[in-house]
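K.L.:
This is coords.cif (mmCIF, C-alpha atoms).
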data_upload
loop_
_atom_site.group_PDB
_atom_site.id
_atom_site.type_symbol
_atom_site.label_atom_id
_atom_site.label_comp_id
_atom_site.auth_asym_id
_atom_site.auth_seq_id
_atom_site.Cartn_x
_atom_site.Cartn_y
_atom_site.Cartn_z
ATOM 1 C CA MET A 1 0.000 0.000 0.000
ATOM 2 C CA THR A 2 1.677 3.200 -1.161
ATOM 3 C CA PRO A 3 0.725 6.789 -0.258
ATOM 4 C CA THR A 4 -0.689 7.314 -3.777
ATOM 5 C CA ASN A 5 -3.083 4.364 -3.342
ATOM 6 C CA LEU A 6 -4.739 6.430 -0.622
ATOM 7 C CA ARG A 7 -4.905 9.635 -2.694
ATOM 8 C CA LEU A 8 -8.460 9.455 -4.059
ATOM 9 C CA PRO A 9 -10.095 8.064 -0.900
ATOM 10 C CA GLY A 10 -8.221 10.588 1.251
ATOM 11 C CA ILE A 11 -9.078 13.572 -0.927
ATOM 12 C CA VAL A 12 -12.759 12.607 -1.158
ATOM 13 C CA LEU A 13 -12.886 12.086 2.620
ATOM 14 C CA GLY A 14 -11.145 15.442 3.135
ATOM 15 C CA VAL A 15 -13.633 17.272 0.920
ATOM 16 C CA GLY A 16 -16.555 15.834 2.893
ATOM 17 C CA LEU A 17 -14.993 16.383 6.303
ATOM 18 C CA GLY A 18 -13.910 19.918 5.371
ATOM 19 C CA GLY A 19 -17.468 20.628 4.275
ATOM 20 C CA PHE A 20 -18.757 19.363 7.600
ATOM 21 C CA VAL A 21 -16.354 21.641 9.497
ATOM 22 C CA ASP A 22 -17.586 24.585 7.423
ATOM 23 C CA GLY A 23 -21.258 23.681 7.799
ATOM 24 C CA ILE A 24 -21.187 22.835 11.483
ATOM 25 C CA LEU A 25 -18.835 25.597 12.630
ATOM 26 C CA LEU A 26 -19.696 28.524 10.333
ATOM 27 C CA HIS A 27 -23.335 27.755 9.455
ATOM 28 C CA GLN A 28 -24.656 26.279 12.687
ATOM 29 C CA LEU A 29 -22.506 27.132 15.708
ATOM 30 C CA LEU A 30 -21.196 30.599 14.799
ATOM 31 C CA GLN A 31 -24.106 31.324 12.413
ATOM 32 C CA TRP A 32 -21.872 33.595 10.333
ATOM 33 C CA HIS A 33 -23.563 32.503 7.129
ATOM 34 C CA HIS A 34 -25.877 29.972 5.552
ATOM 35 C CA MET A 35 -25.947 28.796 1.953
ATOM 36 C CA LEU A 36 -27.984 31.733 0.644
ATOM 37 C CA THR A 37 -27.293 34.588 3.075
ATOM 38 C CA SER A 38 -25.712 36.904 0.494
ATOM 39 C CA THR A 39 -28.148 36.411 -2.353
ATOM 40 C CA ASN A 40 -29.253 40.027 -1.961
ATOM 41 C CA THR A 41 -25.874 40.913 -3.535
ATOM 42 C CA ASP A 42 -25.100 37.667 -5.413
ATOM 43 C CA ASN A 43 -23.870 37.457 -8.999
ATOM 44 C CA ILE A 44 -26.535 35.113 -10.376
ATOM 45 C CA GLY A 45 -29.907 36.556 -9.323
ATOM 46 C CA VAL A 46 -31.047 34.075 -6.673
ATOM 47 C CA LYS A 47 -33.950 35.282 -4.556
ATOM 48 C CA TYR A 48 -32.796 36.717 -1.215
ATOM 49 C CA TYR A 49 -33.632 34.706 1.894
ATOM 50 C CA SER A 50 -32.788 36.768 4.951
ATOM 51 C CA PRO A 51 -31.560 34.651 7.850
ATOM 52 C CA ARG A 52 -33.287 37.163 10.144
ATOM 53 C CA THR A 53 -36.790 36.069 9.151
ATOM 54 C CA VAL A 54 -38.415 32.736 9.900
ATOM 55 C CA SER A 55 -39.154 31.976 6.230
ATOM 56 C CA GLY A 56 -35.669 33.088 5.176
ATOM 57 C CA LEU A 57 -34.010 30.986 7.856
ATOM 58 C CA GLN A 58 -36.160 28.011 6.861
ATOM 59 C CA MET A 59 -34.996 28.257 3.234
ATOM 60 C CA ASN A 60 -31.364 28.724 4.291
ATOM 61 C CA THR A 61 -31.681 25.712 6.607
ATOM 62 C CA VAL A 62 -33.016 23.587 3.732
ATOM 63 C CA TRP A 63 -30.032 24.579 1.570
ATOM 64 C CA ASP A 64 -27.649 24.001 4.483
ATOM 65 C CA GLY A 65 -29.195 20.529 4.751
ATOM 66 C CA ILE A 66 -28.640 19.872 1.036
ATOM 67 C CA PHE A 67 -25.035 20.990 1.524
ATOM 68 C CA HIS A 68 -24.669 18.542 4.435
ATOM 69 C CA VAL A 69 -26.129 15.717 2.321
ATOM 70 C CA VAL A 70 -23.432 16.375 -0.286
ATOM 71 C CA CYS A 71 -20.792 16.348 2.479
ATOM 72 C CA TRP A 72 -22.195 13.097 3.850
ATOM 73 C CA LEU A 73 -22.157 11.487 0.389
ATOM 74 C CA SER A 74 -18.551 12.585 -0.043
ATOM 75 C CA VAL A 75 -17.566 10.987 3.276
ATOM 76 C CA LEU A 76 -19.429 7.766 2.427
ATOM 77 C CA THR A 77 -17.817 7.663 -1.023
ATOM 78 C CA GLY A 78 -14.380 8.245 0.479
ATOM 79 C CA LEU A 79 -14.930 5.464 3.009
ATOM 80 C CA ALA A 80 -16.146 3.103 0.268
ATOM 81 C CA LEU A 81 -13.095 3.893 -1.861
ATOM 82 C CA LEU A 82 -10.805 3.369 1.112
ATOM 83 C CA TYR A 83 -12.487 0.093 2.038
ATOM 84 C CA SER A 84 -12.191 -1.161 -1.554
ATOM 85 C CA ARG A 85 -8.463 -0.366 -1.717
ATOM 86 C CA VAL A 86 -7.420 -1.569 1.715
ATOM 87 C CA THR A 87 -8.179 -5.228 2.306
ATOM 88 C CA SER A 88 -5.939 -5.908 5.305
ATOM 89 C CA ASP A 89 -4.478 -3.971 8.212
ATOM 90 C CA ARG A 90 -7.262 -1.398 7.907
ATOM 91 C CA ARG A 91 -6.585 -0.142 11.427
ATOM 92 C CA ARG A 92 -3.010 0.744 10.452
ATOM 93 C CA VAL A 93 -4.217 2.794 7.486
ATOM 94 C CA TRP A 94 -6.077 5.140 9.865
ATOM 95 C CA THR A 95 -2.768 5.960 11.573
ATOM 96 C CA SER A 96 -0.952 6.456 8.286
ATOM 97 C CA SER A 97 0.398 9.929 7.610
ATOM 98 C CA ALA A 98 -0.324 9.258 3.932
ATOM 99 C CA LEU A 99 -4.067 9.025 4.526
ATOM 100 C CA TRP A 100 -4.148 12.055 6.837
ATOM 101 C CA GLY A 101 -2.042 14.075 4.413
ATOM 102 C CA TRP A 102 -4.504 13.365 1.606
ATOM 103 C CA ILE A 103 -7.423 14.179 3.917
ATOM 104 C CA LEU A 104 -5.867 17.566 4.760
ATOM 105 C CA LEU A 105 -5.266 18.188 1.068
ATOM 106 C CA GLY A 106 -8.920 17.350 0.314
ATOM 107 C CA TRP A 107 -10.109 19.707 3.048
ATOM 108 C CA GLY A 108 -7.957 22.444 1.569
ATOM 109 C CA LEU A 109 -9.361 21.754 -1.907
ATOM 110 C CA PHE A 110 -12.848 22.073 -0.459
ATOM 111 C CA ASN A 111 -11.984 25.508 0.974
ATOM 112 C CA VAL A 112 -10.369 26.732 -2.241
ATOM 113 C CA VAL A 113 -13.132 25.524 -4.577
ATOM 114 C CA GLU A 114 -15.993 26.541 -2.271
ATOM 115 C CA GLY A 115 -14.333 29.890 -1.565
ATOM 116 C CA ILE A 116 -13.833 30.686 -5.241
ATOM 117 C CA VAL A 117 -17.184 29.354 -6.488
ATOM 118 C CA ASP A 118 -19.649 30.267 -3.707
ATOM 119 C CA HIS A 119 -17.951 33.336 -2.226
ATOM 120 C CA GLN A 120 -16.464 34.980 -5.311
ATOM 121 C CA ILE A 121 -18.049 33.738 -8.555
ATOM 122 C CA LEU A 122 -21.638 33.106 -7.407
ATOM 123 C CA GLY A 123 -21.515 35.398 -4.373
ATOM 124 C CA ILE A 124 -24.304 33.442 -2.641
ATOM 125 C CA HIS A 125 -22.615 33.714 0.751
ATOM 126 C CA HIS A 126 -19.422 34.916 2.359
ATOM 127 C CA VAL A 127 -17.491 33.559 5.341
ATOM 128 C CA HIS A 128 -18.567 36.454 7.539
ATOM 129 C CA GLY A 129 -20.707 39.047 5.776
ATOM 130 C CA GLY A 130 -20.323 42.754 6.357
ATOM 131 C CA PRO A 131 -17.934 45.557 5.562
ATOM 132 C CA HIS A 132 -14.811 43.376 5.902
ATOM 133 C CA GLN A 133 -16.197 40.241 4.243
ATOM 134 C CA ILE A 134 -13.472 40.205 1.580
ATOM 135 C CA TRP A 135 -10.823 39.685 4.284
ATOM 136 C CA TRP A 136 -12.749 36.776 5.800
ATOM 137 C CA ASP A 137 -13.101 35.279 2.308
ATOM 138 C CA VAL A 138 -9.385 35.754 1.596
ATOM 139 C CA GLY A 139 -8.511 34.175 4.953
ATOM 140 C CA PHE A 140 -10.711 31.168 4.098
ATOM 141 C CA LEU A 141 -8.909 30.792 0.766
ATOM 142 C CA LEU A 142 -5.481 31.144 2.395
ATOM 143 C CA LEU A 143 -6.418 28.502 4.971
ATOM 144 C CA GLY A 144 -7.388 26.245 2.063
ATOM 145 C CA VAL A 145 -4.064 26.817 0.305
ATOM 146 C CA ALA A 146 -2.198 26.144 3.572
ATOM 147 C CA LEU A 147 -4.146 22.904 4.122
ATOM 148 C CA VAL A 148 -3.345 21.772 0.566
ATOM 149 C CA ALA A 149 0.364 22.515 1.080
ATOM 150 C CA VAL A 150 0.565 20.864 4.517
ATOM 151 C CA GLY A 151 -1.440 17.864 3.337
ATOM 152 C CA TYR A 152 0.796 17.436 0.306
ATOM 153 C CA LEU A 153 3.937 17.613 2.444
ATOM 154 C CA VAL A 154 2.567 15.194 5.041
ATOM 155 C CA GLN A 155 1.567 12.554 2.501
ATOM 156 C CA ARG A 156 4.816 13.033 0.580
ATOM 157 C CA THR A 157 6.871 12.095 3.634
ATOM 158 C CA ALA A 158 4.741 9.016 4.336
ATOM 159 C CA LYS A 159 6.291 5.613 3.956
ATOM 160 C CA PRO A 160 4.471 2.736 2.284
ATOM 161 C CA LEU A 161 2.518 0.602 4.717
ATOM 162 C CA ASN A 162 4.409 -2.576 5.410
ATOM 163 C CA PRO A 163 2.229 -5.321 6.907
ATOM 164 C CA SER A 164 5.042 -6.437 9.221
ATOM 165 C CA GLY A 165 6.604 -3.012 9.957
ATOM 166 C CA PRO A 166 5.551 0.294 11.497
ATOM 167 C CA ALA A 167 2.871 2.448 9.837
ATOM 168 C CA GLY A 168 4.050 5.392 7.703
#
Let me see the structure of the file written as structure tokens.
P.N.:
Amino acid sequence: MTPTNLRLPGIVLGVGLGGFVDGILLHQLLQWHHMLTSTNTDNIGVKYYSPRTVSGLQMNTVWDGIFHVVCWLSVLTGLALLYSRVTSDRRRVWTSSALWGWILLGWGLFNVVEGIVDHQILGIHHVHGGPHQIWWDVGFLLLGVALVAVGYLVQRTAKPLNPSGPAG
């Protein structure tokens, strides 16, 4: 089992887990944004659903739920891919720096793609709306780039998993 064998499962898992961090932390706990909270200034003409009204919050919650379904499907797909590629010593794979490097890289890819598409191109929401929202959006993108770089470096230093030796 080499680090590259874990690439696709790790990246897909990272995308899903990164989405969950975004959805749970930013959407639910901090309530900085929901999926459609900036559609009053978006770039595609989606109807505005204010998170400060019951009907607006209901619609944003539905779209947050759809977002979480996509995250969940990504995690399930990543787990299925991992399960199909690792037929023995599965426990050791979970401690492998290769897998965790790819997961970090996938999380970073989630941030970069979501930050460019939803925050900049579509403009349907921003990390933290308001007068300084561009800086929050830039920070989100920079975090994504950092996660990609760290994940790449971590998986690159991983050793192949040897069934009789220590995990890499």
K.L.:
Tell me, as number ranges by chain, which residues lie within 7 Å of Leu122 (chain A), counting all atoms listed in the file; anything in the same chain fewer than 6 positions away does not count.
P.N.:
A: 42-44
K.L.:
What gap, in Å, lies between CA of Thr157 (chain A) and CA of Tyr83 (chain A)?
P.N.:
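Going from CA of Thr157 (chain A) over to CA of Tyr83 (chain A) covers 22.8 Å.
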K.L.:
Calculate how many Å separate CA of Gly18 (chain A) from CA of Leu36 (chain A), rounding to one decimal.
P.N.:
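Distance reported for this atom pair: 19.0 Å.
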K.L.:
Taking the file as I've supplied it (selection: the PyMOL selection byres ((chain A and resi 7) around 12)), which residues are included? Please answer as a PDB file with C-alpha atoms, in the coordinates of the input.
P.N.:
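So result.pdb came out as:
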ATOM      1  CA  MET A   1       0.000   0.000   0.000  1.00  0.00           C
ATOM      2  CA  THR A   2       1.677   3.200  -1.161  1.00  0.00           C
ATOM      3  CA  PRO A   3       0.725   6.789  -0.258  1.00  0.00           C
ATOM      4  CA  THR A   4      -0.689   7.314  -3.777  1.00  0.00           C
ATOM      5  CA  ASN A   5      -3.083   4.364  -3.342  1.00  0.00           C
ATOM      6  CA  LEU A   6      -4.739   6.430  -0.622  1.00  0.00           C
ATOM      7  CA  LEU A   8      -8.460   9.455  -4.059  1.00  0.00           C
ATOM      8  CA  PRO A   9     -10.095   8.064  -0.900  1.00  0.00           C
ATOM      9  CA  GLY A  10      -8.221  10.588   1.251  1.00  0.00           C
ATOM     10  CA  ILE A  11      -9.078  13.572  -0.927  1.00  0.00           C
ATOM     11  CA  VAL A  12     -12.759  12.607  -1.158  1.00  0.00           C
ATOM     12  CA  LEU A  13     -12.886  12.086   2.620  1.00  0.00           C
ATOM     13  CA  GLY A  14     -11.145  15.442   3.135  1.00  0.00           C
ATOM     14  CA  GLY A  78     -14.380   8.245   0.479  1.00  0.00           C
ATOM     15  CA  LEU A  81     -13.095   3.893  -1.861  1.00  0.00           C
ATOM     16  CA  LEU A  82     -10.805   3.369   1.112  1.00  0.00           C
ATOM     17  CA  ARG A  85      -8.463  -0.366  -1.717  1.00  0.00           C
ATOM     18  CA  SER A  97       0.398   9.929   7.610  1.00  0.00           C
ATOM     19  CA  ALA A  98      -0.324   9.258   3.932  1.00  0.00           C
ATOM     20  CA  LEU A  99      -4.067   9.025   4.526  1.00  0.00           C
ATOM     21  CA  TRP A 100      -4.148  12.055   6.837  1.00  0.00           C
ATOM     22  CA  GLY A 101      -2.042  14.075   4.413  1.00  0.00           C
ATOM     23  CA  TRP A 102      -4.504  13.365   1.606  1.00  0.00           C
ATOM     24  CA  ILE A 103      -7.423  14.179   3.917  1.00  0.00           C
ATOM     25  CA  LEU A 104      -5.867  17.566   4.760  1.00  0.00           C
ATOM     26  CA  LEU A 105      -5.266  18.188   1.068  1.00  0.00           C
ATOM     27  CA  GLY A 106      -8.920  17.350   0.314  1.00  0.00           C
ATOM     28  CA  GLY A 151      -1.440  17.864   3.337  1.00  0.00           C
ATOM     29  CA  TYR A 152       0.796  17.436   0.306  1.00  0.00           C
ATOM     30  CA  GLN A 155       1.567  12.554   2.501  1.00  0.00           C
ATOM     31  CA  ARG A 156       4.816  13.033   0.580  1.00  0.00           C
ATOM     32  CA  ALA A 158       4.741   9.016   4.336  1.00  0.00           C
TER      33      ALA A 158
END
K.L.:
What is the distance between CA of Leu141 (chain A) and CA of Val113 (chain A), in Å to one decimal?
P.N.:
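Atom-to-atom, CA of Leu141 (chain A) to CA of Val113 (chain A), that is 8.6 Å.
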K.L.:
Which centre and which edge lengths, in Å to one decimal, describe the axis-aligned box that holds all listed atoms of region 11-17 of chain A after 6 Å is added on each side, as AutoDock Vina command-line options?
P.N.:
--center_x -12.8 --center_y 14.7 --center_z 2.6 --size_x 19.5 --size_y 17.2 --size_z 19.5
K.L.:
Would you write out, as a PyMOL selection string, every residue that the PyMOL selection byres ((chain A and resi 144) around 6) captures in this file?
P.N.:
chain A and resi 108+111-112+141-143+145-147
K.L.:
Check the smallest atom-to-atom distance from each of A:Val93, A:Thr77, A:Phe110, A:Ser38 to Phe20 (chain A) using all atoms listed in the file, then report the winner.
P.N.:
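Of the candidates, the smallest distance to Phe20 (chain A) is held by A:Phe110.
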K.L.:
Which residue gives the smallest distance to Asp64 (chain A) among A:His128, A:Lys159, A:Arg52, A:His34, with only C-alpha atoms counted?
P.N.:
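When distances to Asp64 (chain A) are compared using only C-alpha atoms, the smallest one comes from A:His34.
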K.L.:
Run through the PyMOL selection byres ((chain A and resi 39) around 8) on the given coordinates and return the selected residues as a list in words.
P.N.:
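Output from the PyMOL selection byres ((chain A and resi 39) around 8), applied to this file: Leu36, Thr37, Ser38, Asn40, Thr41, Asp42, Asn43, Gly45, Val46, Lys47, Tyr48, Tyr49, Gly123, Ile124 and His125 of chain A.
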K.L.:
Counting all atoms listed in the file, what is within 9 Å of Phe67 (chain A), bar same-chain residues fewer than 6 positions away, as a VMD selection string?
P.N.:
chain A and resid 19 to 20 23 35
K.L.:
Export, as an mmCIF file, in the coordinates of the input, the selected residues with C-alpha atoms.
P.N.:
data_model
loop_
_atom_site.group_PDB
_atom_site.id
_atom_site.type_symbol
_atom_site.label_atom_id
_atom_site.label_comp_id
_atom_site.auth_asym_id
_atom_site.auth_seq_id
_atom_site.Cartn_x
_atom_site.Cartn_y
_atom_site.Cartn_z
ATOM 1 C CA GLY A 19 -17.468 20.628 4.275
ATOM 2 C CA PHE A 20 -18.757 19.363 7.600
ATOM 3 C CA GLY A 23 -21.258 23.681 7.799
ATOM 4 C CA MET A 35 -25.947 28.796 1.953
#
K.L.:
N, CA and C atoms for region 128-154 of chain A, written as a PDB file, in the frame of the given file, could you do that?
P.N.:
ATOM      1  N   HIS A 128     -17.983  35.607   6.492  1.00  0.00           N
ATOM      2  CA  HIS A 128     -18.567  36.454   7.539  1.00  0.00           C
ATOM      3  C   HIS A 128     -18.950  37.770   6.859  1.00  0.00           C
ATOM      4  N   GLY A 129     -20.234  37.885   6.513  1.00  0.00           N
ATOM      5  CA  GLY A 129     -20.707  39.047   5.776  1.00  0.00           C
ATOM      6  C   GLY A 129     -20.504  40.353   6.521  1.00  0.00           C
ATOM      7  N   GLY A 130     -20.479  41.433   5.763  1.00  0.00           N
ATOM      8  CA  GLY A 130     -20.323  42.754   6.357  1.00  0.00           C
ATOM      9  C   GLY A 130     -19.255  43.547   5.643  1.00  0.00           C
ATOM     10  N   PRO A 131     -18.866  44.654   6.242  1.00  0.00           N
ATOM     11  CA  PRO A 131     -17.934  45.557   5.562  1.00  0.00           C
ATOM     12  C   PRO A 131     -16.548  44.956   5.302  1.00  0.00           C
ATOM     13  N   HIS A 132     -16.146  43.969   6.067  1.00  0.00           N
ATOM     14  CA  HIS A 132     -14.811  43.376   5.902  1.00  0.00           C
ATOM     15  C   HIS A 132     -14.885  41.949   5.357  1.00  0.00           C
ATOM     16  N   GLN A 133     -15.993  41.618   4.680  1.00  0.00           N
ATOM     17  CA  GLN A 133     -16.197  40.241   4.243  1.00  0.00           C
ATOM     18  C   GLN A 133     -15.102  39.753   3.298  1.00  0.00           C
ATOM     19  N   ILE A 134     -14.522  40.632   2.507  1.00  0.00           N
ATOM     20  CA  ILE A 134     -13.472  40.205   1.580  1.00  0.00           C
ATOM     21  C   ILE A 134     -12.284  39.625   2.340  1.00  0.00           C
ATOM     22  N   TRP A 135     -11.957  40.185   3.506  1.00  0.00           N
ATOM     23  CA  TRP A 135     -10.823  39.685   4.284  1.00  0.00           C
ATOM     24  C   TRP A 135     -11.121  38.324   4.892  1.00  0.00           C
ATOM     25  N   TRP A 136     -12.354  38.100   5.306  1.00  0.00           N
ATOM     26  CA  TRP A 136     -12.749  36.776   5.800  1.00  0.00           C
ATOM     27  C   TRP A 136     -12.671  35.758   4.654  1.00  0.00           C
ATOM     28  N   ASP A 137     -13.149  36.170   3.470  1.00  0.00           N
ATOM     29  CA  ASP A 137     -13.101  35.279   2.308  1.00  0.00           C
ATOM     30  C   ASP A 137     -11.655  34.960   1.913  1.00  0.00           C
ATOM     31  N   VAL A 138     -10.798  35.961   1.924  1.00  0.00           N
ATOM     32  CA  VAL A 138      -9.385  35.754   1.596  1.00  0.00           C
ATOM     33  C   VAL A 138      -8.739  34.834   2.633  1.00  0.00           C
ATOM     34  N   GLY A 139      -9.044  35.044   3.902  1.00  0.00           N
ATOM     35  CA  GLY A 139      -8.511  34.175   4.953  1.00  0.00           C
ATOM     36  C   GLY A 139      -8.932  32.728   4.759  1.00  0.00           C
ATOM     37  N   PHE A 140     -10.194  32.515   4.361  1.00  0.00           N
ATOM     38  CA  PHE A 140     -10.711  31.168   4.098  1.00  0.00           C
ATOM     39  C   PHE A 140      -9.931  30.522   2.958  1.00  0.00           C
ATOM     40  N   LEU A 141      -9.679  31.309   1.897  1.00  0.00           N
ATOM     41  CA  LEU A 141      -8.909  30.792   0.766  1.00  0.00           C
ATOM     42  C   LEU A 141      -7.465  30.490   1.173  1.00  0.00           C
ATOM     43  N   LEU A 142      -6.856  31.373   1.953  1.00  0.00           N
ATOM     44  CA  LEU A 142      -5.481  31.144   2.395  1.00  0.00           C
ATOM     45  C   LEU A 142      -5.385  29.912   3.298  1.00  0.00           C
ATOM     46  N   LEU A 143      -6.384  29.712   4.163  1.00  0.00           N
ATOM     47  CA  LEU A 143      -6.418  28.502   4.971  1.00  0.00           C
ATOM     48  C   LEU A 143      -6.481  27.277   4.065  1.00  0.00           C
ATOM     49  N   GLY A 144      -7.295  27.350   3.012  1.00  0.00           N
ATOM     50  CA  GLY A 144      -7.388  26.245   2.063  1.00  0.00           C
ATOM     51  C   GLY A 144      -6.062  25.952   1.392  1.00  0.00           C
ATOM     52  N   VAL A 145      -5.373  26.994   0.946  1.00  0.00           N
ATOM     53  CA  VAL A 145      -4.064  26.817   0.305  1.00  0.00           C
ATOM     54  C   VAL A 145      -3.069  26.211   1.296  1.00  0.00           C
ATOM     55  N   ALA A 146      -3.091  26.690   2.546  1.00  0.00           N
ATOM     56  CA  ALA A 146      -2.198  26.144   3.572  1.00  0.00           C
ATOM     57  C   ALA A 146      -2.497  24.670   3.836  1.00  0.00           C
ATOM     58  N   LEU A 147      -3.776  24.303   3.903  1.00  0.00           N
ATOM     59  CA  LEU A 147      -4.146  22.904   4.122  1.00  0.00           C
ATOM     60  C   LEU A 147      -3.691  22.020   2.965  1.00  0.00           C
ATOM     61  N   VAL A 148      -3.820  22.524   1.730  1.00  0.00           N
ATOM     62  CA  VAL A 148      -3.345  21.772   0.566  1.00  0.00           C
ATOM     63  C   VAL A 148      -1.836  21.550   0.677  1.00  0.00           C
ATOM     64  N   ALA A 149      -1.101  22.617   0.991  1.00  0.00           N
ATOM     65  CA  ALA A 149       0.364  22.515   1.080  1.00  0.00           C
ATOM     66  C   ALA A 149       0.795  21.565   2.201  1.00  0.00           C
ATOM     67  N   VAL A 150       0.207  21.731   3.388  1.00  0.00           N
ATOM     68  CA  VAL A 150       0.565  20.864   4.517  1.00  0.00           C
ATOM     69  C   VAL A 150       0.189  19.422   4.211  1.00  0.00           C
ATOM     70  N   GLY A 151      -1.009  19.216   3.674  1.00  0.00           N
ATOM     71  CA  GLY A 151      -1.440  17.864   3.337  1.00  0.00           C
ATOM     72  C   GLY A 151      -0.518  17.211   2.322  1.00  0.00           C
ATOM     73  N   TYR A 152      -0.114  17.965   1.316  1.00  0.00           N
ATOM     74  CA  TYR A 152       0.796  17.436   0.306  1.00  0.00           C
ATOM     75  C   TYR A 152       2.127  17.031   0.947  1.00  0.00           C
ATOM     76  N   LEU A 153       2.661  17.913   1.789  1.00  0.00           N
ATOM     77  CA  LEU A 153       3.937  17.613   2.444  1.00  0.00           C
ATOM     78  C   LEU A 153       3.826  16.416   3.381  1.00  0.00           C
ATOM     79  N   VAL A 154       2.750  16.316   4.116  1.00  0.00           N
ATOM     80  CA  VAL A 154       2.567  15.194   5.041  1.00  0.00           C
ATOM     81  C   VAL A 154       2.496  13.880   4.277  1.00  0.00           C
TER      82      VAL A 154
END
